[in-house]
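Note: the block below is data.cif and it holds mmCIF, C-alpha atoms and all ligand atoms.
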```cif
data_target
loop_
_atom_site.label_atom_id
_atom_site.label_comp_id
_atom_site.auth_asym_id
_atom_site.auth_seq_id
_atom_site.Cartn_x
_atom_site.Cartn_y
_atom_site.Cartn_z
CA MET A 1 0.00 0.00 0.00
CA THR A 2 1.18 3.50 -0.83
CA ILE A 3 0.11 7.03 -0.03
CA LEU A 4 1.02 10.14 -2.00
CA VAL A 5 2.03 13.19 0.01
CA THR A 6 2.54 16.59 -1.62
CA GLY A 7 4.72 19.21 0.06
CA GLY A 8 6.43 16.55 2.17
CA ALA A 9 9.69 18.50 2.45
CA GLY A 10 7.93 21.31 4.31
CA PHE A 11 7.38 21.64 8.04
CA ILE A 12 4.19 19.62 8.58
CA GLY A 13 4.65 17.30 5.59
CA ALA A 14 8.12 16.21 6.76
CA ASN A 15 6.86 15.56 10.29
CA TYR A 16 3.93 13.64 8.80
CA ILE A 17 6.14 11.42 6.64
CA MET A 18 8.58 10.60 9.43
CA ASP A 19 5.69 9.78 11.76
CA TRP A 20 3.98 7.69 9.06
CA LEU A 21 7.08 5.62 8.38
CA ARG A 22 7.56 5.11 12.12
CA LEU A 23 3.98 3.97 12.67
CA THR A 24 3.09 2.00 9.52
CA ASP A 25 4.76 -0.19 6.92
CA GLU A 26 3.22 1.66 3.98
CA CYS A 27 5.26 3.47 1.33
CA VAL A 28 5.08 7.24 0.87
CA VAL A 29 5.61 8.98 -2.45
CA ASN A 30 6.62 12.55 -1.59
CA VAL A 31 6.18 15.14 -4.36
CA ASP A 32 7.73 18.47 -3.49
CA LYS A 33 8.79 21.40 -5.65
CA LEU A 34 11.47 22.38 -3.12
CA THR A 35 10.60 26.04 -2.89
CA TYR A 36 12.51 28.04 -0.25
CA ALA A 37 10.30 26.22 2.32
CA GLY A 38 11.15 22.73 1.09
CA ASN A 39 14.05 21.30 3.06
CA LEU A 40 15.25 17.78 2.35
CA GLU A 41 17.62 17.99 5.29
CA SER A 42 14.53 17.64 7.50
CA LEU A 43 13.98 14.20 5.97
CA GLU A 44 17.57 13.03 6.45
CA SER A 45 16.50 10.22 8.83
CA VAL A 46 14.23 8.60 6.21
CA PHE A 47 16.03 9.52 3.02
CA ASP A 48 17.57 6.07 2.69
CA ASP A 49 14.36 4.27 3.65
CA PRO A 50 13.15 2.44 0.51
CA ARG A 51 9.55 3.15 1.59
CA HIS A 52 10.16 6.91 1.05
CA ILE A 53 10.15 7.80 -2.64
CA PHE A 54 11.02 11.43 -3.21
CA VAL A 55 10.06 13.20 -6.43
CA ASN A 56 11.22 16.77 -7.02
CA GLY A 57 8.07 17.97 -8.79
CA ASP A 58 5.36 20.61 -8.96
CA ILE A 59 1.67 19.91 -8.30
CA LEU A 60 0.97 22.30 -11.18
CA ASP A 61 2.59 19.79 -13.55
CA ALA A 62 -0.47 17.74 -14.61
CA GLU A 63 1.51 15.30 -16.76
CA LEU A 64 3.88 14.53 -13.92
CA MET A 65 1.07 14.08 -11.39
CA ASP A 66 -0.82 11.80 -13.83
CA SER A 67 2.23 9.63 -14.36
CA ILE A 68 3.04 9.40 -10.63
CA LEU A 69 -0.53 8.28 -9.91
CA GLN A 70 -0.40 5.69 -12.69
CA GLU A 71 2.96 4.36 -11.57
CA HIS A 72 2.40 4.21 -7.79
CA THR A 73 -1.40 3.75 -7.58
CA PRO A 74 -1.69 5.31 -4.11
CA ARG A 75 -4.70 4.57 -1.92
CA ALA A 76 -4.71 8.20 -0.77
CA ILE A 77 -3.39 11.66 -1.61
CA ILE A 78 -2.61 14.05 1.23
CA ASN A 79 -2.17 17.56 -0.09
CA PHE A 80 0.16 19.63 2.09
CA ALA A 81 1.83 21.50 -0.80
CA ALA A 82 1.23 25.22 -0.46
CA GLU A 83 2.71 28.63 -0.06
CA SER A 84 2.08 29.00 3.67
CA HIS A 85 3.44 32.29 5.02
CA VAL A 86 0.96 35.14 5.46
CA ASP A 87 3.60 37.90 5.39
CA ARG A 88 4.91 36.69 2.03
CA SER A 89 1.37 36.68 0.62
CA ILE A 90 1.05 40.36 1.59
CA HIS A 91 4.22 41.26 -0.34
CA ALA A 92 3.51 39.10 -3.41
CA ALA A 93 0.50 36.81 -3.81
CA GLY A 94 1.22 35.32 -7.27
CA ASP A 95 2.80 32.07 -6.06
CA PHE A 96 -0.07 31.63 -3.57
CA ILE A 97 -2.62 31.87 -6.36
CA GLN A 98 -0.62 29.47 -8.52
CA THR A 99 0.19 26.73 -6.01
CA ASN A 100 -2.68 26.99 -3.56
CA ILE A 101 -5.49 27.49 -6.07
CA VAL A 102 -4.32 26.36 -9.53
CA GLY A 103 -2.08 23.67 -8.04
CA THR A 104 -4.88 22.19 -5.94
CA TYR A 105 -7.19 22.33 -8.96
CA THR A 106 -4.59 20.55 -11.13
CA LEU A 107 -4.09 17.88 -8.49
CA LEU A 108 -7.86 17.39 -8.18
CA GLU A 109 -8.14 16.87 -11.94
CA SER A 110 -5.34 14.27 -11.89
CA ALA A 111 -6.87 12.57 -8.85
CA LEU A 112 -10.28 12.44 -10.53
CA LYS A 113 -8.85 10.95 -13.72
CA PHE A 114 -6.94 8.35 -11.68
CA TRP A 115 -9.94 7.59 -9.46
CA ASN A 116 -12.27 7.16 -12.44
CA SER A 117 -9.88 4.64 -13.96
CA SER A 118 -9.60 2.59 -10.74
CA SER A 119 -11.40 -0.65 -9.92
CA VAL A 120 -14.62 -0.53 -7.87
CA LYS A 121 -12.76 -1.72 -4.77
CA GLU A 122 -9.95 0.81 -5.19
CA LYS A 123 -12.49 3.56 -5.83
CA GLU A 124 -14.24 2.80 -2.56
CA SER A 125 -11.12 3.01 -0.45
CA PHE A 126 -9.43 5.98 -2.20
CA ARG A 127 -9.22 9.32 -0.33
CA PHE A 128 -8.11 12.84 -1.28
CA LEU A 129 -7.28 14.63 1.96
CA HIS A 130 -6.76 18.38 1.66
CA VAL A 131 -4.81 20.04 4.47
CA SER A 132 -6.21 23.50 5.11
CA THR A 133 -6.20 26.17 7.77
CA ASP A 134 -8.42 27.87 10.34
CA GLU A 135 -7.53 31.22 8.69
CA VAL A 136 -10.25 30.63 6.07
CA TYR A 137 -12.84 31.60 8.70
CA GLY A 138 -11.37 35.09 9.18
CA SER A 139 -10.88 36.80 12.52
CA LEU A 140 -12.76 36.47 15.84
CA GLY A 141 -13.57 39.08 18.45
CA ARG A 142 -12.39 38.38 22.01
CA ASN A 143 -15.81 37.06 23.10
CA ASP A 144 -16.83 35.24 19.91
CA ALA A 145 -17.32 31.48 19.98
CA PRO A 146 -14.42 29.51 18.44
CA PHE A 147 -14.61 28.56 14.75
CA SER A 148 -16.81 25.56 14.05
CA GLU A 149 -17.18 23.78 10.70
CA THR A 150 -20.42 25.67 10.06
CA ASN A 151 -18.80 29.12 10.27
CA GLN A 152 -18.90 31.20 7.11
CA TYR A 153 -15.63 31.52 5.18
CA LYS A 154 -14.30 35.11 5.54
CA PRO A 155 -10.60 35.03 4.62
CA ASN A 156 -8.67 38.28 5.13
CA SER A 157 -5.18 37.74 3.70
CA PRO A 158 -4.18 36.70 0.18
CA TYR A 159 -2.86 33.48 1.80
CA SER A 160 -6.13 32.62 3.54
CA ALA A 161 -8.16 33.64 0.47
CA SER A 162 -6.10 31.25 -1.65
CA LYS A 163 -6.60 28.43 0.87
CA ALA A 164 -10.34 29.17 1.07
CA SER A 165 -10.49 29.00 -2.70
CA SER A 166 -8.75 25.62 -2.72
CA ASP A 167 -11.15 24.32 -0.06
CA HIS A 168 -14.10 25.31 -2.27
CA LEU A 169 -12.58 23.47 -5.24
CA VAL A 170 -12.09 20.34 -3.11
CA ARG A 171 -15.72 20.55 -1.99
CA ALA A 172 -16.89 21.08 -5.58
CA PHE A 173 -15.05 17.97 -6.82
CA TYR A 174 -16.92 15.96 -4.18
CA GLN A 175 -20.33 17.50 -4.89
CA THR A 176 -19.96 17.43 -8.66
CA HIS A 177 -17.86 14.36 -9.40
CA GLY A 178 -18.13 12.31 -6.22
CA LEU A 179 -14.35 12.34 -5.67
CA PRO A 180 -13.92 11.02 -2.10
CA VAL A 181 -12.46 14.08 -0.39
CA LEU A 182 -11.79 15.11 3.19
CA THR A 183 -10.71 18.56 4.37
CA THR A 184 -8.95 19.48 7.60
CA ASN A 185 -8.80 23.06 8.93
CA CYS A 186 -6.10 23.34 11.54
CA SER A 187 -4.86 26.08 13.84
CA ASN A 188 -1.23 27.27 14.24
CA ASN A 189 1.28 24.45 14.40
CA TYR A 190 4.64 24.52 16.15
CA GLY A 191 7.40 21.98 16.64
CA PRO A 192 10.60 20.64 15.03
CA TYR A 193 11.63 21.56 11.46
CA GLN A 194 9.50 24.73 11.14
CA PHE A 195 11.03 27.33 8.84
CA PRO A 196 12.38 30.17 11.01
CA GLU A 197 10.22 32.81 9.35
CA LYS A 198 7.27 31.69 11.53
CA LEU A 199 6.83 33.21 15.00
CA ILE A 200 8.09 30.43 17.31
CA PRO A 201 11.26 29.28 15.48
CA LEU A 202 12.06 32.90 14.56
CA ILE A 203 11.91 34.00 18.19
CA ILE A 204 14.06 31.08 19.38
CA HIS A 205 16.64 31.76 16.66
CA ASN A 206 16.74 35.52 17.17
CA ALA A 207 16.90 35.17 20.95
CA ILE A 208 20.00 32.99 21.02
CA SER A 209 21.58 35.02 18.19
CA GLY A 210 21.28 38.18 20.33
CA GLU A 211 18.86 39.81 17.88
CA GLN A 212 15.60 41.67 18.43
CA LEU A 213 12.41 39.66 19.05
CA PRO A 214 9.89 41.42 16.77
CA ILE A 215 6.28 41.59 18.02
CA TYR A 216 3.81 42.92 15.48
CA GLY A 217 1.51 45.72 16.73
CA ASP A 218 0.49 45.40 20.39
CA GLY A 219 1.24 41.64 20.55
CA LYS A 220 -2.26 40.89 21.82
CA GLN A 221 -3.34 38.90 18.75
CA ILE A 222 -4.47 35.42 19.74
CA ARG A 223 -3.58 32.13 18.07
CA ASP A 224 -4.56 28.58 19.07
CA TRP A 225 -1.33 26.56 19.14
CA LEU A 226 -1.09 22.85 18.32
CA TYR A 227 2.01 20.64 18.49
CA VAL A 228 2.79 19.44 14.97
CA LEU A 229 2.67 15.71 15.79
CA ASP A 230 -0.84 16.19 17.16
CA HIS A 231 -1.81 17.69 13.80
CA CYS A 232 -0.25 14.62 12.13
CA SER A 233 -2.27 12.25 14.33
CA ALA A 234 -5.45 14.22 13.56
CA ILE A 235 -4.79 13.87 9.82
CA ARG A 236 -4.25 10.12 10.18
CA THR A 237 -7.51 9.90 12.13
CA VAL A 238 -9.48 11.83 9.50
CA LEU A 239 -7.88 9.75 6.75
CA SER A 240 -8.96 6.48 8.34
CA LYS A 241 -12.31 7.44 9.88
CA GLY A 242 -13.49 10.75 8.34
CA ALA A 243 -16.85 10.89 6.57
CA LEU A 244 -16.57 11.66 2.86
CA GLY A 245 -16.99 15.30 1.84
CA GLU A 246 -16.70 16.49 5.45
CA MET A 247 -14.50 19.20 6.95
CA TYR A 248 -12.82 18.71 10.33
CA ASN A 249 -11.50 21.56 12.48
CA ILE A 250 -8.34 20.71 14.42
CA GLY A 251 -7.05 22.75 17.34
CA GLY A 252 -5.10 22.53 20.54
CA LYS A 253 -7.33 24.43 22.98
CA ASN A 254 -4.28 26.58 23.58
CA GLU A 255 -5.36 30.15 22.87
CA MET A 256 -2.57 32.56 23.69
CA GLU A 257 -1.63 36.16 22.94
CA ASN A 258 1.56 36.45 20.89
CA ILE A 259 3.29 38.40 23.65
CA SER A 260 2.59 35.56 26.11
CA VAL A 261 4.01 32.99 23.67
CA VAL A 262 7.17 35.06 23.32
CA ASN A 263 7.47 35.52 27.09
CA VAL A 264 7.16 31.75 27.60
CA LEU A 265 9.89 31.15 24.99
CA CYS A 266 12.17 33.68 26.73
CA ASP A 267 11.58 32.06 30.13
CA ILE A 268 12.37 28.56 28.82
CA LEU A 269 15.51 29.86 27.13
CA ASP A 270 16.52 31.72 30.32
CA ALA A 271 16.34 28.37 32.13
CA LEU A 272 17.91 26.13 29.46
CA GLN A 273 20.54 28.47 28.02
CA PRO A 274 20.94 31.50 30.32
CA LYS A 275 22.66 34.57 28.88
CA THR A 276 26.21 35.06 30.12
CA ASP A 277 25.53 38.68 31.13
CA GLY A 278 22.72 37.57 33.47
CA THR A 279 19.95 39.48 31.65
CA SER A 280 16.73 37.89 30.37
CA TYR A 281 15.93 37.17 26.73
CA ARG A 282 12.77 39.22 27.40
CA ASP A 283 15.00 42.32 27.16
CA GLN A 284 15.32 41.65 23.40
CA ILE A 285 11.53 42.00 22.81
CA THR A 286 10.81 44.84 20.36
CA PHE A 287 7.39 46.01 19.26
CA VAL A 288 7.38 46.64 15.50
CA GLU A 289 4.91 47.82 12.87
CA ASP A 290 1.80 45.64 12.63
CA ARG A 291 1.12 43.16 9.82
CA LEU A 292 -1.35 44.56 7.26
CA GLY A 293 -4.86 43.19 7.79
CA HIS A 294 -3.61 41.32 10.86
CA ASP A 295 -6.27 38.86 12.09
CA ARG A 296 -6.93 39.50 15.77
CA ARG A 297 -7.94 36.09 17.04
CA TYR A 298 -8.23 32.50 15.86
CA ALA A 299 -9.78 29.79 18.04
CA ILE A 300 -10.93 26.31 17.12
CA ASP A 301 -13.92 24.34 18.26
CA SER A 302 -12.70 20.78 17.69
CA THR A 303 -15.80 19.05 19.09
CA LYS A 304 -16.56 17.37 15.75
CA ILE A 305 -13.26 15.51 15.36
CA GLU A 306 -13.21 14.69 19.08
CA LYS A 307 -16.77 13.38 19.33
CA GLU A 308 -17.17 11.79 15.90
CA LEU A 309 -13.67 10.43 15.33
CA GLY A 310 -12.27 10.16 18.86
CA TRP A 311 -9.19 12.35 18.28
CA ASN A 312 -7.56 14.37 21.05
CA PRO A 313 -4.18 16.13 21.17
CA SER A 314 -1.46 14.48 23.26
CA GLU A 315 0.61 17.54 24.10
CA THR A 316 -0.37 20.54 26.17
CA PHE A 317 1.23 23.85 25.18
CA GLU A 318 3.52 23.55 28.22
CA SER A 319 4.84 20.11 27.21
CA GLY A 320 4.95 20.80 23.47
CA ILE A 321 6.77 24.12 23.72
CA GLN A 322 9.38 22.62 26.07
CA LEU A 323 10.05 19.82 23.54
CA THR A 324 10.20 22.39 20.75
CA VAL A 325 12.71 24.73 22.38
CA GLN A 326 14.88 21.76 23.32
CA TRP A 327 14.73 20.48 19.75
CA TYR A 328 15.89 23.82 18.29
CA LEU A 329 18.72 24.08 20.82
CA GLU A 330 19.86 20.54 20.03
CA ASN A 331 19.55 20.99 16.26
CA GLN A 332 21.48 24.16 15.67
CA THR A 333 23.11 22.71 12.53
CA TRP A 334 19.66 22.35 10.92
CA VAL A 335 18.81 25.92 11.98
CA GLU A 336 22.15 27.26 10.74
CA HIS A 337 21.78 25.52 7.35
CA THR A 338 18.21 26.80 7.06
CA THR A 339 18.97 30.40 7.93
CA SER A 340 22.15 30.51 5.80
CA GLY A 341 20.43 28.90 2.81
CA SER A 342 22.94 26.04 2.62
CA TYR A 343 20.11 23.50 3.15
CA ARG A 344 19.37 23.99 -0.53
CA ASN A 345 22.63 22.19 -1.37
CA TRP A 346 21.96 19.26 0.97
CA ILE A 347 20.83 16.89 -1.75
CA LYS A 348 23.89 17.64 -3.91
CA LYS A 349 26.32 17.23 -1.00
CA ASN A 350 24.76 14.03 0.32
CA TYR A 351 23.71 12.33 -2.89
CA SER A 352 26.29 13.00 -5.56
CA THR A 353 24.59 10.55 -7.91
CA GLY A 354 21.21 12.26 -7.46
CA ALA A 355 18.56 10.65 -5.25
CA THR A 356 15.56 12.42 -6.73
CA THR A 357 13.63 11.08 -9.65
P1 LIG B 401 5.63 24.87 4.47
O1 LIG B 401 5.66 26.19 3.81
O2 LIG B 401 6.61 24.57 5.56
O3 LIG B 401 5.79 23.70 3.39
C1 LIG B 401 5.16 23.72 2.15
C2 LIG B 401 5.85 22.68 1.25
O4 LIG B 401 5.15 22.68 -0.01
C3 LIG B 401 7.31 23.00 0.95
O5 LIG B 401 8.10 21.84 1.10
C4 LIG B 401 7.29 23.45 -0.51
O6 LIG B 401 8.50 23.18 -1.20
C5 LIG B 401 6.12 22.66 -1.06
N1 LIG B 401 5.52 23.27 -2.25
C6 LIG B 401 5.18 24.58 -2.43
N2 LIG B 401 4.68 24.76 -3.66
C7 LIG B 401 4.65 23.53 -4.26
C8 LIG B 401 4.21 23.06 -5.52
N3 LIG B 401 3.69 23.91 -6.43
N4 LIG B 401 4.34 21.75 -5.81
C9 LIG B 401 4.86 20.88 -4.89
N5 LIG B 401 5.31 21.27 -3.68
C10 LIG B 401 5.20 22.59 -3.37
O7 LIG B 401 4.15 24.69 4.99
P2 LIG B 401 3.59 23.93 6.28
O8 LIG B 401 3.60 24.86 7.42
O9 LIG B 401 4.25 22.61 6.37
O10 LIG B 401 2.06 23.75 5.85
C11 LIG B 401 1.64 22.60 5.11
C12 LIG B 401 0.16 22.73 4.81
O11 LIG B 401 -0.56 22.85 6.03
C13 LIG B 401 -0.20 23.97 3.99
O12 LIG B 401 -1.19 23.61 3.07
C14 LIG B 401 -0.73 24.96 5.01
O13 LIG B 401 -1.67 25.82 4.43
C15 LIG B 401 -1.38 24.02 6.00
N6 LIG B 401 -1.44 24.51 7.39
C16 LIG B 401 -0.32 24.97 8.02
C17 LIG B 401 -0.39 25.37 9.35
C18 LIG B 401 0.83 25.87 10.09
O14 LIG B 401 0.70 26.36 11.21
N7 LIG B 401 2.03 25.77 9.54
C19 LIG B 401 -1.60 25.30 10.03
C20 LIG B 401 -2.74 24.82 9.35
C21 LIG B 401 -2.64 24.42 8.03
O1 LIG B 402 -3.65 29.46 11.74
C1 LIG B 402 -2.97 28.60 10.88
C2 LIG B 402 -1.89 29.36 10.14
O2 LIG B 402 -0.85 29.61 11.08
C3 LIG B 402 -1.37 28.60 8.94
O3 LIG B 402 -2.40 28.46 8.01
C4 LIG B 402 -0.20 29.36 8.30
O4 LIG B 402 0.34 28.61 7.24
C5 LIG B 402 0.87 29.59 9.36
O5 LIG B 402 1.92 30.35 8.81
C6 LIG B 402 0.27 30.30 10.57
O6 LIG B 402 -0.10 31.66 10.23
P1 LIG B 402 0.19 32.89 11.22
O7 LIG B 402 0.26 34.13 10.42
O8 LIG B 402 -0.73 32.87 12.38
O9 LIG B 402 1.66 32.45 11.76
P2 LIG B 402 3.00 33.29 12.02
O10 LIG B 402 3.95 32.36 12.72
O11 LIG B 402 3.48 33.99 10.81
O12 LIG B 402 2.51 34.38 13.07
C7 LIG B 402 1.91 34.03 14.30
C8 LIG B 402 1.49 35.31 15.00
O13 LIG B 402 2.65 36.02 15.40
C9 LIG B 402 0.71 36.26 14.10
O14 LIG B 402 -0.28 36.92 14.88
C10 LIG B 402 1.77 37.26 13.64
C11 LIG B 402 2.72 37.31 14.80
N1 LIG B 402 4.13 37.56 14.48
C12 LIG B 402 4.72 36.79 13.53
C13 LIG B 402 6.03 36.97 13.19
C14 LIG B 402 6.70 36.13 12.12
C15 LIG B 402 4.85 38.52 15.17
O15 LIG B 402 4.32 39.22 16.07
N2 LIG B 402 6.16 38.70 14.86
C16 LIG B 402 6.80 37.98 13.88
O16 LIG B 402 8.01 38.21 13.62
#
```
Taking this structure as input, can you express it in the form of structure tokens?
Amino acid sequence: MTILVTGGAGFIGANYIMDWLRLTDECVVNVDKLTYAGNLESLESVFDDPRHIFVNGDILDAELMDSILQEHTPRAIINFAAESHVDRSIHAAGDFIQTNIVGTYTLLESALKFWNSSSVKEKESFRFLHVSTDEVYGSLGRNDAPFSETNQYKPNSPYSASKASSDHLVRAFYQTHGLPVLTTNCSNNYGPYQFPEKLIPLIIHNAISGEQLPIYGDGKQIRDWLYVLDHCSAIRTVLSKGALGEMYNIGGKNEMENISVVNVLCDILDALQPKTDGTSYRDQITFVEDRLGHDRRYAIDSTKIEKELGWNPSETFESGIQLTVQWYLENQTWVEHTTSGSYRNWIKKNYSTGATT
């Protein structure tokens, strides 16, 4: 049995693949374009595993996706591939429109063609799982109820608008063609292998590099943080038990203001790697200009996945953030290669004969 993962060299996709190979004996075909966010060094531990088949490819390439589906006949596609950083979508949205909307559409067309050509038995068991975000629901006021699956889509950034658009296409392929789809809408993830442009790894990196810790606006924006391996377990749960055509919200019940997250990070670093001059990392906190259109609050009501599918997160924010800070401190080579850009040469350095197909 084989699954096809797109965007598997990114933060969540890489964690998902490593977890999958640890927990199952199924093969994973990993199609990744290797944009700036794709980092094969994250997959070093499974790169020689024959069950991990890496293809350096673009989900916009219909011919390639068709041929991969024909060759590997996966029982499921899990679509992680995306442009994922809100700030980048504010500066230039073109790649977000291409990958997140046109790319998802292209992948849906290939999946439909493949599914239509499958046997009755294969058709029944096939799944297209689309990994989406809570940002599609827009922003909440402090006293609003958390997002549930019935909330209206009100995306505010070019990133969230492109994800909302892809979610609609996924839904349409189910309603129109009967393609067996599932959609997950998850809150903010954190954990190992996250690109240090995102809040948590950026703060850890800047703190120990002696740089400023930038807080956008007043720092009172609220996010609901989930440890990445809990997101991976939720995706596996939806893949195996989710009802066709349904959306599942995934969250950690860990709503926190950004400033509190940064204070927690500083306190953990003060304990694990105290500064030699005796001052706190909190002294490096700097309030900077706010993000344009900055969503004030996200919060997830995950009753549906908990009650209907029996999923619950394993980590609290306290346990997950401790593991995360420790991981970054112990994996400074990965961080250094990522921030310097040398991770992009990893494949050439480690596989002179070329390991990608
Ligand atoms: P990421 O930016 O770390 O990784 C994205 C991966 O997709 C990279 O490896 C990149 O090379 C690849 N990619 C980009 N364009 C591609 C294309 N055209 N073809 C093939 N591969 C391509 O992102 P992430 O944080 O791992 O997020 C993965 C998915 O989860 C995204 O769809 C994102 O919207 C969603 N999501 C993320 C979070 C979060 O907190 N990070 C939360 C909820 C949902
Ligand atoms: O909610 C899920 C989303 O979470 C995912 O869909 C996105 O792919 C993912 O990037 C993330 O989006 P955010 O914009 O919430 O994450 P980010 O880490 O960029 O920012 C988290 C919060 O911290 C946000 O309110 C902006 C703020 N921030 C961020 C950075 C990078 C700062 O205050 N300073 C910073 O330097």
Exercise. Identify which of the residues A:Gly245, A:Gly38, A:Pro201, A:Gly141 lies closest to Asn56 in chain A, counting all atoms listed in the file when measuring atom-to-atom distances.
Key: A:Gly38
Counting all atoms listed in the file, give me one row per residue of chain A with an atom at most 7 Å from an atom of ligand LIG 402 (chain B), showing the shortest contact pair and its distance in Å to one decimal, sorted by chain then residue number, as CSV.
```
residue,atom,partner,partner_atom,distance
A:Ser84,CA,B:LIG402,O4,4.0
A:His85,CA,B:LIG402,O5,4.5
A:Val86,CA,B:LIG402,O7,5.1
A:Asp87,CA,B:LIG402,O11,6.7
A:Ser132,CA,B:LIG402,O3,6.9
A:Thr133,CA,B:LIG402,O3,4.4
A:Asp134,CA,B:LIG402,O1,5.2
A:Glu135,CA,B:LIG402,O1,5.2
A:Cys186,CA,B:LIG402,C1,6.2
A:Ser187,CA,B:LIG402,O1,4.2
A:Asn188,CA,B:LIG402,O2,4.0
A:Asn189,CA,B:LIG402,O2,6.5
A:Glu197,CA,B:LIG402,C14,5.6
A:Lys198,CA,B:LIG402,O10,3.6
A:Leu199,CA,B:LIG402,O10,3.8
A:Ile200,CA,B:LIG402,O10,6.5
A:Leu202,CA,B:LIG402,C14,6.7
A:Pro214,CA,B:LIG402,O16,4.9
A:Ile215,CA,B:LIG402,O15,3.6
A:Tyr216,CA,B:LIG402,O15,3.8
A:Gly219,CA,B:LIG402,O15,6.0
A:Gln221,CA,B:LIG402,O14,5.3
A:Ile222,CA,B:LIG402,O14,6.6
A:Arg223,CA,B:LIG402,O8,6.4
A:Asn258,CA,B:LIG402,O13,5.6
A:His294,CA,B:LIG402,O14,6.8
A:Asp295,CA,B:LIG402,O14,6.9
A:Tyr298,CA,B:LIG402,O1,6.9
```
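Considering all atoms listed in the file, the residue among A:Ile259, A:Leu272, A:Cys266, A:Leu43 positioned nearest to ligand LIG 401 (chain B) is A:Leu43.
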Self-check item: Neighbourhood of ligand LIG 401 (chain B) at 8 Å, counting only C-alpha atoms and all ligand atoms, reported as a ChimeraX atom specification
Solution: /A:6-14,31-39,56-60,79-85,95,98-100,103,130-134,163,185-190,194-195
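Separating CA of Thr324 in chain A from CA of Thr303 in chain A is a distance of 26.3 Å.
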Exercise. Provide the CA of Asn350 in chain A to CA of Gln70 in chain A distance in Å, to one decimal place.
Key: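 Calculated distance between CA of Asn350 in chain A and CA of Gln70 in chain A is 29.5 Å.
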Quiz item: Please, what distance in Å, to one decimal, runs between CA of Ile268 in chain A and CA of Gly251 in chain A?
Solution: 23.3 Å
Quiz prompt | A:Asp25, A:Glu315, A:Asp290, A:Glu109 ranked by distance to Leu69 in chain A, top pick (using all atoms listed in the file) | solution =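 Among A:Asp25, A:Glu315, A:Asp290, A:Glu109, it is A:Glu109 that comes nearest to Leu69 in chain A.
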Could you work out an axis-aligned box for range 44-55 of chain A, taking every atom the file lists and adding 3 Å on each side, and report centre and edge lengths in Å to one decimal, as JSON?
```
{"center_x": 13.6, "center_y": 7.8, "center_z": 1.2, "size_x": 14.0, "size_y": 16.8, "size_z": 21.3}
```
Practice problem: Would you be able to write out as a PyMOL selection string which residues have an atom within 12 Å of (-9.0, 10.7, 12.0) in the file's coordinates, counting all atoms listed in the file? | Solution: chain A and resi 129+182-184+230-244+246-250+304-313
Self-check item: Minimum-distance residue to Leu108 in chain A, chosen among A:Val181, A:Ile90, A:Met18, A:Val136 (using all atoms listed in the file)
Solution: A:Val181
Exercise. Determine the nearest neighbour of Arg127 in chain A from the options A:Pro155, A:Pro74, A:Pro50, A:Gly94, counting all atoms listed in the file.
Key: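 Looking at the shortest contact to Arg127 in chain A, the residue is A:Pro74.
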Quiz prompt | Which residue of A:Glu41, A:Ser209, A:Gly278, A:Met1 approaches Lys348 in chain A most closely, using all atoms listed in the file | solution = A:Glu41
